[in-house]
>>> print(open('data-v8.cif').read())   # mmCIF, C-alpha atoms
data_run
loop_
_atom_site.label_atom_id
_atom_site.label_comp_id
_atom_site.auth_asym_id
_atom_site.auth_seq_id
_atom_site.Cartn_x
_atom_site.Cartn_y
_atom_site.Cartn_z
CA MET A 1 104.70 0.80 -87.07
CA ALA A 2 105.16 -2.36 -89.16
CA ASN A 3 107.52 -3.74 -86.52
CA ILE A 4 104.94 -3.14 -83.78
CA ILE A 5 102.25 -4.87 -85.83
CA ARG A 6 104.54 -7.86 -86.42
CA GLN A 7 105.34 -8.03 -82.72
CA LYS A 8 101.67 -7.98 -81.85
CA ALA A 9 100.91 -10.65 -84.44
CA ASN A 10 103.73 -12.85 -83.16
CA SER A 11 102.58 -12.32 -79.59
CA GLN A 12 99.01 -13.24 -80.51
CA LYS A 13 100.23 -16.34 -82.31
CA GLN A 14 102.25 -17.35 -79.25
CA GLN A 15 99.20 -16.77 -77.06
CA GLN A 16 97.06 -18.91 -79.36
CA GLU A 17 99.66 -21.67 -79.25
CA ALA A 18 99.69 -21.43 -75.48
CA VAL A 19 95.90 -21.77 -75.46
CA LYS A 20 96.11 -24.83 -77.66
CA SER A 21 98.63 -26.49 -75.38
CA ALA A 22 96.63 -25.94 -72.20
CA GLY A 23 95.61 -29.61 -72.18
CA ASP A 24 92.32 -31.46 -72.11
CA ILE A 25 90.26 -32.52 -69.12
CA THR A 26 87.44 -34.99 -68.79
CA LEU A 27 84.22 -33.78 -67.19
CA THR A 28 80.89 -35.33 -66.34
CA LEU A 29 78.09 -32.81 -66.88
CA PRO A 30 74.37 -33.12 -66.20
CA THR A 31 72.25 -32.99 -69.35
CA TYR A 32 68.70 -31.85 -69.94
CA LYS A 33 66.23 -32.65 -72.68
CA GLY A 34 63.66 -30.17 -73.91
CA THR A 35 60.34 -31.07 -75.48
CA MET A 36 62.05 -30.83 -78.89
CA GLY A 37 65.60 -30.41 -80.13
CA PRO A 38 68.99 -31.72 -78.97
CA ASN A 39 69.95 -32.36 -75.37
CA VAL A 40 71.89 -29.63 -73.56
CA ALA A 41 74.77 -29.92 -71.11
CA ASP A 42 74.48 -27.88 -67.91
CA VAL A 43 77.69 -25.88 -67.46
CA GLN A 44 76.40 -23.45 -64.82
CA ALA A 45 78.68 -24.86 -62.11
CA LEU A 46 81.69 -25.38 -64.40
CA TYR A 47 83.76 -22.51 -63.03
CA LYS A 48 82.75 -23.06 -59.42
CA ASP A 49 83.54 -26.79 -59.51
CA HIS A 50 86.42 -26.95 -62.01
CA GLY A 51 87.77 -23.42 -62.46
CA ILE A 52 87.14 -23.27 -66.22
CA PHE A 53 84.73 -21.59 -68.64
CA THR A 54 83.34 -22.75 -71.97
CA PHE A 55 84.55 -21.05 -75.16
CA ASP A 56 81.95 -20.67 -77.91
CA PRO A 57 82.36 -17.66 -80.24
CA GLY A 58 79.02 -16.71 -81.74
CA PHE A 59 77.26 -18.93 -79.16
CA MET A 60 76.68 -21.55 -81.85
CA SER A 61 76.64 -24.38 -79.29
CA THR A 62 75.38 -22.50 -76.25
CA GLY A 63 71.83 -22.33 -74.94
CA SER A 64 71.54 -18.90 -73.31
CA CYS A 65 68.10 -19.40 -71.83
CA GLN A 66 65.11 -21.66 -71.39
CA SER A 67 62.21 -20.69 -73.65
CA ALA A 68 58.82 -22.04 -74.70
CA ILE A 69 58.09 -19.57 -77.51
CA THR A 70 59.69 -20.60 -80.80
CA PHE A 71 61.42 -23.73 -82.09
CA ILE A 72 63.54 -24.13 -85.22
CA ASP A 73 64.91 -27.32 -86.76
CA GLY A 74 67.16 -26.11 -89.54
CA ASP A 75 67.80 -29.58 -90.93
CA LEU A 76 64.09 -30.29 -91.33
CA GLY A 77 63.17 -26.76 -92.42
CA GLN A 78 60.81 -26.45 -89.46
CA LEU A 79 59.64 -23.28 -87.70
CA LEU A 80 57.09 -23.49 -84.88
CA TYR A 81 55.47 -20.66 -82.91
CA ARG A 82 54.30 -22.12 -79.59
CA GLY A 83 54.24 -25.53 -81.30
CA TYR A 84 52.22 -24.45 -84.34
CA PRO A 85 53.86 -24.84 -87.79
CA ILE A 86 54.43 -21.52 -89.51
CA ASP A 87 52.59 -22.61 -92.65
CA GLN A 88 49.41 -23.37 -90.69
CA LEU A 89 49.57 -20.03 -88.91
CA ALA A 90 50.14 -18.18 -92.19
CA GLU A 91 47.23 -20.01 -93.80
CA ASN A 92 44.71 -19.65 -90.97
CA CYS A 93 45.66 -16.67 -88.79
CA THR A 94 46.16 -12.92 -88.91
CA PHE A 95 49.18 -11.16 -87.53
CA LEU A 96 47.32 -10.03 -84.41
CA GLU A 97 46.21 -13.63 -83.76
CA THR A 98 49.87 -14.58 -84.03
CA CYS A 99 50.81 -11.77 -81.64
CA SER A 100 48.33 -13.04 -79.08
CA LEU A 101 49.72 -16.55 -79.49
CA LEU A 102 53.34 -15.50 -79.03
CA MET A 103 52.56 -13.34 -76.02
CA ASN A 104 50.10 -15.63 -74.22
CA GLY A 105 51.03 -19.15 -75.31
CA GLU A 106 47.73 -20.16 -76.89
CA LEU A 107 45.69 -19.13 -79.89
CA PRO A 108 42.83 -16.87 -78.83
CA ASN A 109 39.20 -17.82 -79.27
CA LYS A 110 36.89 -15.38 -81.04
CA THR A 111 36.08 -13.34 -77.91
CA GLU A 112 39.70 -13.22 -76.78
CA LEU A 113 40.84 -12.12 -80.23
CA GLU A 114 38.26 -9.34 -80.38
CA GLU A 115 39.42 -8.09 -76.97
CA PHE A 116 43.07 -8.26 -78.02
CA GLU A 117 42.42 -6.47 -81.32
CA ASN A 118 40.41 -3.81 -79.49
CA ILE A 119 43.12 -3.02 -76.95
CA VAL A 120 45.84 -2.90 -79.60
CA THR A 121 43.69 -0.60 -81.73
CA GLN A 122 43.15 1.74 -78.77
CA HIS A 123 46.91 2.29 -78.50
CA THR A 124 47.90 2.93 -82.13
CA MET A 125 48.26 6.71 -81.69
CA VAL A 126 51.39 8.30 -80.24
CA ASN A 127 51.64 11.39 -78.10
CA GLU A 128 51.64 14.56 -80.21
CA GLN A 129 54.97 15.57 -78.67
CA VAL A 130 56.56 12.58 -80.42
CA ARG A 131 56.17 14.55 -83.65
CA THR A 132 58.71 17.05 -82.35
CA PHE A 133 61.31 14.28 -82.07
CA TYR A 134 61.00 13.58 -85.77
CA SER A 135 61.46 17.23 -86.69
CA GLY A 136 64.85 17.08 -84.99
CA PHE A 137 66.13 14.42 -87.40
CA ARG A 138 67.65 15.33 -90.74
CA ALA A 139 65.43 14.52 -93.70
CA ASP A 140 68.10 12.18 -95.07
CA ALA A 141 68.57 10.30 -91.77
CA HIS A 142 68.27 6.55 -92.11
CA PRO A 143 64.76 5.49 -90.98
CA MET A 144 66.28 2.85 -88.68
CA ALA A 145 68.19 5.55 -86.81
CA ILE A 146 64.94 7.45 -86.36
CA LEU A 147 62.98 4.35 -85.34
CA CYS A 148 65.60 3.33 -82.81
CA GLY A 149 65.60 6.76 -81.17
CA ALA A 150 61.83 7.19 -81.23
CA THR A 151 61.21 3.76 -79.69
CA GLY A 152 63.57 4.38 -76.81
CA ALA A 153 61.98 7.80 -76.27
CA LEU A 154 58.58 6.19 -75.59
CA ALA A 155 59.83 5.42 -72.09
CA SER A 156 59.69 9.15 -71.34
CA PHE A 157 55.93 9.12 -71.97
CA TYR A 158 54.96 5.95 -70.09
CA HIS A 159 57.06 6.20 -66.94
CA ASP A 160 53.90 5.49 -64.93
CA SER A 161 53.92 1.86 -66.08
CA LEU A 162 57.59 0.88 -66.14
CA ASP A 163 57.64 -1.37 -63.09
CA ILE A 164 58.93 -4.54 -64.74
CA ASN A 165 58.00 -6.57 -61.65
CA ASN A 166 54.34 -5.69 -62.15
CA PRO A 167 52.65 -8.10 -64.62
CA ASP A 168 50.04 -5.48 -65.57
CA HIS A 169 52.77 -2.96 -66.40
CA ARG A 170 54.58 -5.53 -68.52
CA GLU A 171 51.42 -6.36 -70.45
CA ILE A 172 50.40 -2.78 -71.19
CA SER A 173 53.95 -1.93 -72.28
CA ALA A 174 53.89 -4.90 -74.66
CA ILE A 175 50.55 -3.79 -76.12
CA ARG A 176 51.79 -0.23 -76.55
CA LEU A 177 54.90 -1.36 -78.40
CA ILE A 178 53.01 -3.67 -80.77
CA ALA A 179 50.36 -1.00 -81.44
CA LYS A 180 52.64 2.00 -81.88
CA MET A 181 55.45 0.45 -83.90
CA PRO A 182 53.53 0.74 -87.22
CA THR A 183 52.82 4.39 -86.43
CA LEU A 184 56.44 5.16 -85.58
CA THR A 185 57.65 3.30 -88.67
CA ALA A 186 55.27 5.12 -91.02
CA MET A 187 56.24 8.44 -89.42
CA ALA A 188 59.92 7.69 -90.11
CA TYR A 189 59.07 7.13 -93.77
CA LYS A 190 56.89 10.22 -94.09
CA HIS A 191 59.61 12.34 -92.49
CA SER A 192 62.17 11.05 -95.01
CA ILE A 193 60.05 12.10 -98.00
CA GLY A 194 58.72 15.35 -96.56
CA GLN A 195 55.05 14.36 -96.43
CA PRO A 196 52.68 15.03 -93.50
CA PHE A 197 52.17 12.28 -90.97
CA MET A 198 48.96 10.29 -91.26
CA TYR A 199 47.06 9.44 -88.10
CA PRO A 200 46.02 5.79 -87.59
CA ASP A 201 42.63 4.69 -88.89
CA ASN A 202 41.28 2.22 -86.36
CA SER A 203 38.60 0.98 -88.73
CA LEU A 204 41.28 -0.82 -90.75
CA SER A 205 43.19 -4.01 -90.08
CA PHE A 206 46.66 -3.89 -88.55
CA ALA A 207 48.32 -4.28 -91.96
CA GLY A 208 45.78 -2.08 -93.75
CA ASN A 209 46.26 0.72 -91.25
CA PHE A 210 50.03 0.54 -91.70
CA LEU A 211 49.75 0.73 -95.49
CA ARG A 212 47.47 3.74 -95.23
CA MET A 213 49.83 5.55 -92.83
CA MET A 214 52.67 4.84 -95.27
CA PHE A 215 51.06 5.81 -98.57
CA ALA A 216 48.02 8.01 -97.96
CA VAL A 217 48.11 11.81 -98.13
CA PRO A 218 45.54 14.22 -96.65
CA ALA A 219 44.56 15.56 -100.08
CA GLU A 220 43.40 12.25 -101.54
CA GLU A 221 41.34 9.23 -100.62
CA TYR A 222 43.34 6.04 -100.10
CA LYS A 223 41.95 2.55 -100.59
CA VAL A 224 43.84 -0.46 -99.28
CA ASN A 225 44.54 -3.13 -101.90
CA PRO A 226 43.37 -6.41 -100.26
CA ILE A 227 46.07 -8.52 -101.96
CA VAL A 228 48.82 -6.15 -100.81
CA GLU A 229 47.18 -5.99 -97.38
CA ARG A 230 47.31 -9.77 -97.02
CA ALA A 231 50.89 -9.86 -98.30
CA MET A 232 51.89 -7.29 -95.70
CA ASP A 233 50.14 -9.26 -92.96
CA LEU A 234 51.97 -12.40 -94.10
CA ILE A 235 55.33 -10.62 -93.99
CA PHE A 236 54.53 -9.58 -90.41
CA ILE A 237 53.64 -13.16 -89.43
CA LEU A 238 56.70 -14.75 -91.02
CA HIS A 239 59.07 -12.29 -89.35
CA ALA A 240 57.35 -12.21 -85.95
CA ASP A 241 59.91 -14.38 -84.18
CA HIS A 242 62.91 -16.56 -84.95
CA GLU A 243 64.16 -18.04 -81.69
CA GLN A 244 67.39 -16.75 -80.06
CA ASN A 245 68.78 -14.68 -82.94
CA ALA A 246 71.13 -11.72 -82.44
CA SER A 247 68.46 -9.07 -81.87
CA THR A 248 66.32 -11.24 -79.60
CA SER A 249 69.39 -12.15 -77.56
CA THR A 250 70.20 -8.43 -77.40
CA VAL A 251 66.73 -7.66 -76.04
CA ARG A 252 67.11 -10.42 -73.45
CA LEU A 253 70.58 -9.27 -72.41
CA ALA A 254 69.47 -5.64 -72.10
CA GLY A 255 66.38 -6.73 -70.21
CA SER A 256 68.39 -8.88 -67.81
CA SER A 257 69.74 -5.67 -66.25
CA GLY A 258 66.21 -4.55 -65.38
CA ALA A 259 66.03 -1.98 -68.19
CA ASN A 260 62.55 -0.86 -69.22
CA PRO A 261 60.94 -2.61 -72.23
CA PHE A 262 61.07 0.41 -74.55
CA THR A 263 64.85 0.72 -74.27
CA CYS A 264 65.20 -3.05 -74.60
CA ILE A 265 63.26 -3.02 -77.88
CA ALA A 266 65.34 -0.05 -79.04
CA ALA A 267 68.41 -2.19 -78.36
CA GLY A 268 66.88 -4.95 -80.46
CA ILE A 269 66.29 -2.50 -83.30
CA ALA A 270 69.92 -1.40 -83.12
CA SER A 271 71.08 -5.01 -83.35
CA LEU A 272 68.69 -5.75 -86.21
CA TRP A 273 70.09 -2.82 -88.17
CA GLY A 274 73.32 -4.73 -88.75
CA PRO A 275 73.68 -5.92 -92.36
CA ALA A 276 74.42 -9.48 -91.23
CA HIS A 277 71.03 -9.63 -89.49
CA GLY A 278 68.13 -7.48 -90.61
CA GLY A 279 69.69 -6.04 -93.74
CA ALA A 280 69.44 -9.23 -95.80
CA ASN A 281 66.47 -8.15 -97.92
CA GLU A 282 68.17 -4.82 -98.58
CA ALA A 283 71.20 -6.78 -99.79
CA VAL A 284 68.92 -8.61 -102.25
CA LEU A 285 67.89 -5.34 -103.90
CA ASP A 286 71.50 -4.15 -103.95
CA MET A 287 72.43 -7.38 -105.74
CA LEU A 288 69.66 -6.92 -108.31
CA ALA A 289 70.91 -3.41 -108.97
CA GLU A 290 74.43 -4.76 -109.41
CA VAL A 291 73.24 -7.34 -111.94
CA GLY A 292 71.61 -4.53 -113.89
CA SER A 293 69.64 -6.47 -116.49
CA VAL A 294 68.42 -9.95 -117.33
CA GLU A 295 71.07 -10.16 -120.06
CA ASN A 296 73.81 -9.85 -117.43
CA ILE A 297 72.55 -12.76 -115.30
CA PRO A 298 74.58 -15.59 -116.98
CA ALA A 299 77.85 -13.74 -116.39
CA TYR A 300 76.84 -12.95 -112.81
CA ILE A 301 75.96 -16.59 -112.13
CA GLU A 302 79.37 -17.66 -113.44
CA LYS A 303 81.03 -15.30 -110.97
CA VAL A 304 78.92 -16.79 -108.16
CA LYS A 305 80.05 -20.29 -109.11
CA ASP A 306 83.72 -19.27 -109.24
CA LYS A 307 85.23 -20.17 -105.85
CA ALA A 308 87.99 -17.60 -106.37
CA ASN A 309 85.42 -14.83 -106.86
CA PRO A 310 83.84 -13.19 -103.74
CA THR A 311 80.52 -12.55 -105.52
CA ARG A 312 77.59 -14.04 -103.61
CA LEU A 313 73.98 -14.68 -104.50
CA MET A 314 72.09 -12.69 -101.86
CA GLY A 315 68.76 -14.03 -100.60
CA PHE A 316 69.60 -17.66 -101.33
CA GLY A 317 70.31 -20.28 -98.69
CA HIS A 318 70.10 -19.63 -94.95
CA ARG A 319 72.46 -19.91 -91.99
CA VAL A 320 69.90 -21.80 -89.90
CA TYR A 321 67.87 -23.70 -92.51
CA LYS A 322 70.12 -26.30 -94.10
CA ASN A 323 67.33 -27.78 -96.22
CA PHE A 324 64.87 -25.02 -97.11
CA ASP A 325 63.40 -21.94 -95.46
CA PRO A 326 59.75 -22.82 -94.70
CA ARG A 327 58.85 -19.14 -94.78
CA ALA A 328 60.12 -18.81 -98.35
CA THR A 329 57.65 -21.39 -99.64
CA LEU A 330 54.79 -19.30 -98.28
CA MET A 331 56.27 -16.02 -99.43
CA ARG A 332 56.94 -17.24 -102.97
CA LYS A 333 53.23 -17.78 -103.67
CA THR A 334 52.32 -14.40 -102.24
CA CYS A 335 55.12 -12.72 -104.17
CA HIS A 336 53.76 -13.96 -107.48
CA GLU A 337 50.20 -12.97 -106.47
CA VAL A 338 51.30 -9.41 -105.69
CA LEU A 339 53.32 -9.06 -108.89
CA GLY A 340 50.46 -10.46 -110.93
CA ASP A 341 47.88 -8.15 -109.35
CA LEU A 342 49.95 -4.97 -109.58
CA GLY A 343 51.23 -5.70 -113.08
CA ILE A 344 54.36 -3.70 -112.44
CA ASN A 345 56.88 -3.29 -115.25
CA ASP A 346 60.09 -3.14 -113.24
CA PRO A 347 63.39 -4.42 -114.74
CA MET A 348 64.69 -5.31 -111.26
CA LEU A 349 61.71 -7.56 -110.64
CA ASP A 350 62.36 -9.25 -113.99
CA ILE A 351 65.92 -9.92 -112.84
CA ALA A 352 64.64 -11.35 -109.56
CA MET A 353 62.24 -13.74 -111.26
CA GLU A 354 64.94 -15.02 -113.63
CA LEU A 355 67.34 -15.56 -110.74
CA GLU A 356 64.61 -17.47 -108.93
CA ARG A 357 64.09 -19.72 -111.96
CA ILE A 358 67.80 -20.46 -112.26
CA ALA A 359 68.21 -21.19 -108.55
CA LEU A 360 65.32 -23.66 -108.58
CA GLU A 361 66.54 -25.47 -111.73
CA ASP A 362 70.34 -25.21 -111.92
CA PRO A 363 71.97 -28.33 -110.36
CA TYR A 364 74.72 -26.15 -108.87
CA PHE A 365 72.20 -24.39 -106.60
CA VAL A 366 69.82 -27.33 -106.15
CA ASP A 367 72.61 -29.67 -105.02
CA ARG A 368 73.85 -27.10 -102.53
CA LYS A 369 70.31 -26.33 -101.37
CA LEU A 370 70.75 -22.66 -102.18
CA TYR A 371 67.04 -22.03 -102.51
CA PRO A 372 65.53 -18.53 -102.41
CA ASN A 373 64.88 -17.60 -98.78
CA VAL A 374 62.30 -15.38 -97.13
CA ASP A 375 64.48 -12.27 -97.55
CA PHE A 376 64.58 -12.75 -101.32
CA TYR A 377 60.80 -12.77 -101.69
CA SER A 378 60.01 -10.18 -99.02
CA GLY A 379 62.43 -7.74 -100.64
CA ILE A 380 60.73 -8.18 -104.00
CA ILE A 381 57.26 -7.71 -102.50
CA LEU A 382 58.25 -4.60 -100.56
CA ARG A 383 59.77 -3.05 -103.67
CA ALA A 384 56.71 -3.94 -105.73
CA ILE A 385 54.33 -2.17 -103.35
CA GLY A 386 56.48 0.95 -103.26
CA ILE A 387 58.44 0.67 -100.02
CA PRO A 388 61.98 2.03 -100.50
CA THR A 389 64.97 -0.15 -99.72
CA ASN A 390 66.06 1.86 -96.67
CA MET A 391 62.69 1.06 -95.05
CA PHE A 392 63.01 -2.71 -95.38
CA THR A 393 64.71 -3.24 -92.01
CA CYS A 394 62.13 -1.00 -90.35
CA ILE A 395 59.41 -3.36 -91.60
CA PHE A 396 61.44 -6.22 -90.14
CA ALA A 397 61.64 -4.41 -86.78
CA LEU A 398 57.90 -3.72 -86.82
CA SER A 399 57.23 -7.42 -87.39
CA ARG A 400 59.76 -8.67 -84.84
CA THR A 401 58.63 -6.38 -82.01
CA VAL A 402 56.08 -8.95 -80.82
CA GLY A 403 58.76 -11.65 -80.72
CA TRP A 404 61.15 -9.41 -78.83
CA ILE A 405 58.58 -8.34 -76.27
CA SER A 406 57.34 -11.93 -75.82
CA HIS A 407 60.87 -13.09 -75.03
CA TRP A 408 61.35 -10.12 -72.72
CA MET A 409 58.15 -10.94 -70.84
CA GLU A 410 59.12 -14.61 -70.60
CA MET A 411 62.55 -13.73 -69.24
CA ILE A 412 61.31 -11.24 -66.64
CA ALA A 413 58.76 -13.77 -65.35
CA GLU A 414 61.44 -16.45 -64.94
CA PRO A 415 62.20 -16.78 -61.16
CA THR A 416 65.84 -17.75 -61.75
CA GLN A 417 66.51 -14.86 -64.15
CA LYS A 418 69.73 -12.98 -63.48
CA ILE A 419 71.75 -10.31 -65.22
CA GLY A 420 73.65 -11.58 -68.25
CA ARG A 421 77.42 -11.66 -67.81
CA PRO A 422 79.25 -13.62 -70.54
CA ARG A 423 82.79 -14.78 -69.84
CA GLN A 424 85.82 -14.47 -72.10
CA LEU A 425 89.00 -16.20 -73.17
CA TYR A 426 91.56 -13.53 -72.31
CA THR A 427 94.52 -13.33 -74.71
CA GLY A 428 96.02 -9.98 -73.69
CA ALA A 429 99.15 -9.15 -71.75
CA THR A 430 99.82 -10.74 -68.38
CA GLU A 431 100.25 -8.49 -65.34
CA ARG A 432 103.05 -5.97 -65.78
CA ASN A 433 104.32 -2.81 -64.12
CA VAL A 434 103.87 0.74 -65.42
CA THR A 435 107.09 2.43 -66.60
CA PRO A 436 107.11 6.17 -65.77
CA LEU A 437 106.69 8.35 -68.86
CA LYS A 438 110.23 9.77 -68.79
CA LYS A 439 111.72 6.26 -68.83
CA ARG A 440 109.63 4.90 -71.70
CA LYS A 441 111.37 4.49 -75.04
#
>>> encode(input="data-v8.cif", output="C-alpha cells")
Amino acid sequence: MANIIRQKANSQKQQQEAVKSAGDITLTLPTYKGTMGPNVADVQALYKDHGIFTFDPGFMSTGSCQSAITFIDGDLGQLLYRGYPIDQLAENCTFLETCSLLMNGELPNKTELEEFENIVTQHTMVNEQVRTFYSGFRADAHPMAILCGATGALASFYHDSLDINNPDHREISAIRLIAKMPTLTAMAYKHSIGQPFMYPDNSLSFAGNFLRMMFAVPAEEYKVNPIVERAMDLIFILHADHEQNASTSTVRLAGSSGANPFTCIAAGIASLWGPAHGGANEAVLDMLAEVGSVENIPAYIEKVKDKANPTRLMGFGHRVYKNFDPRATLMRKTCHEVLGDLGINDPMLDIAMELERIALEDPYFVDRKLYPNVDFYSGIILRAIGIPTNMFTCIFALSRTVGWISHWMEMIAEPTQKIGRPRQLYTGATERNVTPLKKRK
C-alpha cells in the first residue's frame, strides 16, 4: 500500500510539473467596470477562441455572476445592501424593511412596508402535516439537519406555484420562505428539547414572534423582552446577505438548473452548515469552553501568538474584511446592552469580555487587525438569551434566507442566465486500455 501511495504521489508531482511547464500565452481580454469595485475581465469566449480555461480554486478572482444586490469592500470595511451602508440600515430599519429592500431594490414607503409586513405575517404558519416530518427525526438530530429537510419538503405543499418562469410564483415562494423559516427553525428547537410547538402570533414583530415560538410554552404567559427583541432583529439584518459567499453561490448554482426555490434554499442551508461558513459563531463558544476560565486566558493567548502552535482565536479577524468587520461595530454595542439588561452571571461570557478587551488593546492583535468580528458578538448574544450552540447556524440560515431568495430571483430574471457548469484542470491518468481481470497483477 505504501508503494502505491508513493507512486501516486510521484505521479501527481510529475503532473503538477507538467502543468507548470505548459508555457505562458498573451491574451487581450475585454474588461467591464461595475458601479463599484474592481474591473473584471470577460473570459466567456476564452475556450472558444483560444482553447483554454481559467484556473481559480475557491473562485477568489472569478466573478460568477452580475448582481445589483450587495457590495463588499473588505479593505475599507464596507458592506452595502442595494447601496445603503449596513450601519444606516441597522440604525433606521427593521429586518422586514431590509427584506423588502433586498428583494425589490428600494426601501419601502410606509404603505408599501405595511403591505409587505401584512403578506409576510399571513404566511407564518406551516401546514399541519409538516409536524409529522418533525416526529420522524430523532430527538438528538442536529437542528440544521432537520431545517434542511423541512425546507426542501415545503415544495411538496406548494407545487401549485413552482413555475419559476412566472414572476408571481417567484414572489409568493419568496414570501413563503421568509415567513415560514422562523416557524421551521423554532419547531426544530422545540423538537430537540421535547416541548410542544408554538404557533406563530401575528400580533408580534418578526423577531418577537420568533422569540416567542422559541421560548414560550402553552402553560405560561410569555412576554418579549424589547432589548432582546431588537438584538434579534439586528442579528437578522446583519446576516441577511453577504454577496457571493459559498451558500449564496450554492443557491445560485442549484437554481441555474431550474430547481424550485425551496430545494435551492435547502441547498443553501446545507452549504451554510459547513464549519468554515456558518459554524463560525459556534466555534467561538467552543473556544470559550476550551479556555475554561478567565485565569486561563493569558496562557491561551500565548498559544495563539506562538506560530508553531495551531491554536486560533475564533471570532477575530475576517477572510473578507481586511480592516474591520462593519457588522461587529454594530453588534458590539448591542451585545453589551443585552448583557447589561439580562444581568447574566455566566463564566463563559466573562471569558468573552476579557478576550474582547485584550484583542482591542494588545498590539499583537491590533497590528494584525484581528478585531472581534460579527460571529464573536452574535455568539455571545445568542448564548446570553438562551439559544443553545447547535441552534446558532439555524439562526444564521433564518437570517440569510432573504439574501438567498433575492439572489435566486435576480438570477432567474436574468435573460442570459444559463445552467452553471464550472470547468476543471484535469490531473488524472491519460487515456489507457482496460486489462482483462485475469491478466491484471
>>> residues_around(input="data-v8.cif", residues="region 78-86 of chain A", least_positions_apart="3", cutoff="12 Å", atoms="only C-alpha atoms", output="PyMOL selection string")
chain A and resi 35-37+67-75+89-95+97-107+234-243+320-331+402-403+406
>>> write_last_selection(input="data-v8.cif", atoms="C-alpha atoms", output="CSV table (one decimal), in the coordinates of the input")
chain,number,residue,atom,x,y,z
A,35,THR,CA,60.3,-31.1,-75.5
A,36,MET,CA,62.0,-30.8,-78.9
A,37,GLY,CA,65.6,-30.4,-80.1
A,67,SER,CA,62.2,-20.7,-73.6
A,68,ALA,CA,58.8,-22.0,-74.7
A,69,ILE,CA,58.1,-19.6,-77.5
A,70,THR,CA,59.7,-20.6,-80.8
A,71,PHE,CA,61.4,-23.7,-82.1
A,72,ILE,CA,63.5,-24.1,-85.2
A,73,ASP,CA,64.9,-27.3,-86.8
A,74,GLY,CA,67.2,-26.1,-89.5
A,75,ASP,CA,67.8,-29.6,-90.9
A,89,LEU,CA,49.6,-20.0,-88.9
A,90,ALA,CA,50.1,-18.2,-92.2
A,91,GLU,CA,47.2,-20.0,-93.8
A,92,ASN,CA,44.7,-19.6,-91.0
A,93,CYS,CA,45.7,-16.7,-88.8
A,94,THR,CA,46.2,-12.9,-88.9
A,95,PHE,CA,49.2,-11.2,-87.5
A,97,GLU,CA,46.2,-13.6,-83.8
A,98,THR,CA,49.9,-14.6,-84.0
A,99,CYS,CA,50.8,-11.8,-81.6
A,100,SER,CA,48.3,-13.0,-79.1
A,101,LEU,CA,49.7,-16.6,-79.5
A,102,LEU,CA,53.3,-15.5,-79.0
A,103,MET,CA,52.6,-13.3,-76.0
A,104,ASN,CA,50.1,-15.6,-74.2
A,105,GLY,CA,51.0,-19.2,-75.3
A,106,GLU,CA,47.7,-20.2,-76.9
A,107,LEU,CA,45.7,-19.1,-79.9
A,234,LEU,CA,52.0,-12.4,-94.1
A,235,ILE,CA,55.3,-10.6,-94.0
A,236,PHE,CA,54.5,-9.6,-90.4
A,237,ILE,CA,53.6,-13.2,-89.4
A,238,LEU,CA,56.7,-14.8,-91.0
A,239,HIS,CA,59.1,-12.3,-89.4
A,240,ALA,CA,57.4,-12.2,-86.0
A,241,ASP,CA,59.9,-14.4,-84.2
A,242,HIS,CA,62.9,-16.6,-85.0
A,243,GLU,CA,64.2,-18.0,-81.7
A,320,VAL,CA,69.9,-21.8,-89.9
A,321,TYR,CA,67.9,-23.7,-92.5
A,322,LYS,CA,70.1,-26.3,-94.1
A,323,ASN,CA,67.3,-27.8,-96.2
A,324,PHE,CA,64.9,-25.0,-97.1
A,325,ASP,CA,63.4,-21.9,-95.5
A,326,PRO,CA,59.8,-22.8,-94.7
A,327,ARG,CA,58.8,-19.1,-94.8
A,328,ALA,CA,60.1,-18.8,-98.4
A,329,THR,CA,57.6,-21.4,-99.6
A,330,LEU,CA,54.8,-19.3,-98.3
A,331,MET,CA,56.3,-16.0,-99.4
A,402,VAL,CA,56.1,-9.0,-80.8
A,403,GLY,CA,58.8,-11.6,-80.7
A,406,SER,CA,57.3,-11.9,-75.8
>>> residues_around(input="data-v8.cif", residues="Leu288 (chain A)", least_positions_apart="5", cutoff="7 Å", atoms="all atoms listed in the file", output="number ranges by chain")
A: 348, 351-352
>>> residues_around(input="data-v8.cif", residues="region 159-172 of chain A", least_positions_apart="6", cutoff="10 Å", atoms="all atoms listed in the file", output="list of chain:residue names")
A:Met103, A:Ile119, A:Val120, A:His123, A:Ile178, A:Gly255, A:Gly258, A:Ala259, A:Asn260, A:Pro261, A:Phe262, A:Ile405, A:Ser406, A:Trp408, A:Met409, A:Ile412, A:Ala413
>>> write_last_selection(input="data-v8.cif", atoms="C-alpha atoms", output="compact mmCIF listing (two decimals), in the coordinates of the input")
# COMPACT_ATOMS: atom_id res chain seq x y z
CA MET A 103 52.56 -13.34 -76.02
CA ILE A 119 43.12 -3.02 -76.95
CA VAL A 120 45.84 -2.90 -79.60
CA HIS A 123 46.91 2.29 -78.50
CA ILE A 178 53.01 -3.67 -80.77
CA GLY A 255 66.38 -6.73 -70.21
CA GLY A 258 66.21 -4.55 -65.38
CA ALA A 259 66.03 -1.98 -68.19
CA ASN A 260 62.55 -0.86 -69.22
CA PRO A 261 60.94 -2.61 -72.23
CA PHE A 262 61.07 0.41 -74.55
CA ILE A 405 58.58 -8.34 -76.27
CA SER A 406 57.34 -11.93 -75.82
CA TRP A 408 61.35 -10.12 -72.72
CA MET A 409 58.15 -10.94 -70.84
CA ILE A 412 61.31 -11.24 -66.64
CA ALA A 413 58.76 -13.77 -65.35
>>> residues_around(input="data-v8.cif", residues="region 41-52 of chain A", least_positions_apart="6", cutoff="10 Å", atoms="all atoms listed in the file", output="ChimeraX atom specification")
/A:25,27-33,62-63
>>> closest_residue(input="data-v8.cif", among="A:Ile301, A:Ala141, A:Ala207, A:Ile385", to="Phe365 (chain A)", atoms="only C-alpha atoms")
A:Ile301
>>> atom_distance(input="data-v8.cif", atom1="CA of Gly317 (chain A)", atom2="CA of Ser378 (chain A)")
14.4 Å
>>> atom_distance(input="data-v8.cif", atom1="CA of Ala267 (chain A)", atom2="CA of Met144 (chain A)")
11.7 Å
>>> residues_near_point(input="data-v8.cif", point="(47.5, 0.4, -86.2)", cutoff="8 Å", atoms="all atoms listed in the file", output="MDAnalysis selection string")
chainID A and resid 120:121 123:125 179:180 182:183 200:202 204:207 209:210
>>> residues_around(input="data-v8.cif", residues="Val130 (chain A)", least_positions_apart="2", cutoff="9 Å", atoms="only C-alpha atoms", output="list in words")
Val126, Asn127, Glu128, Thr132, Phe133, Tyr134, Ala150, Ala153 and Leu154 of chain A
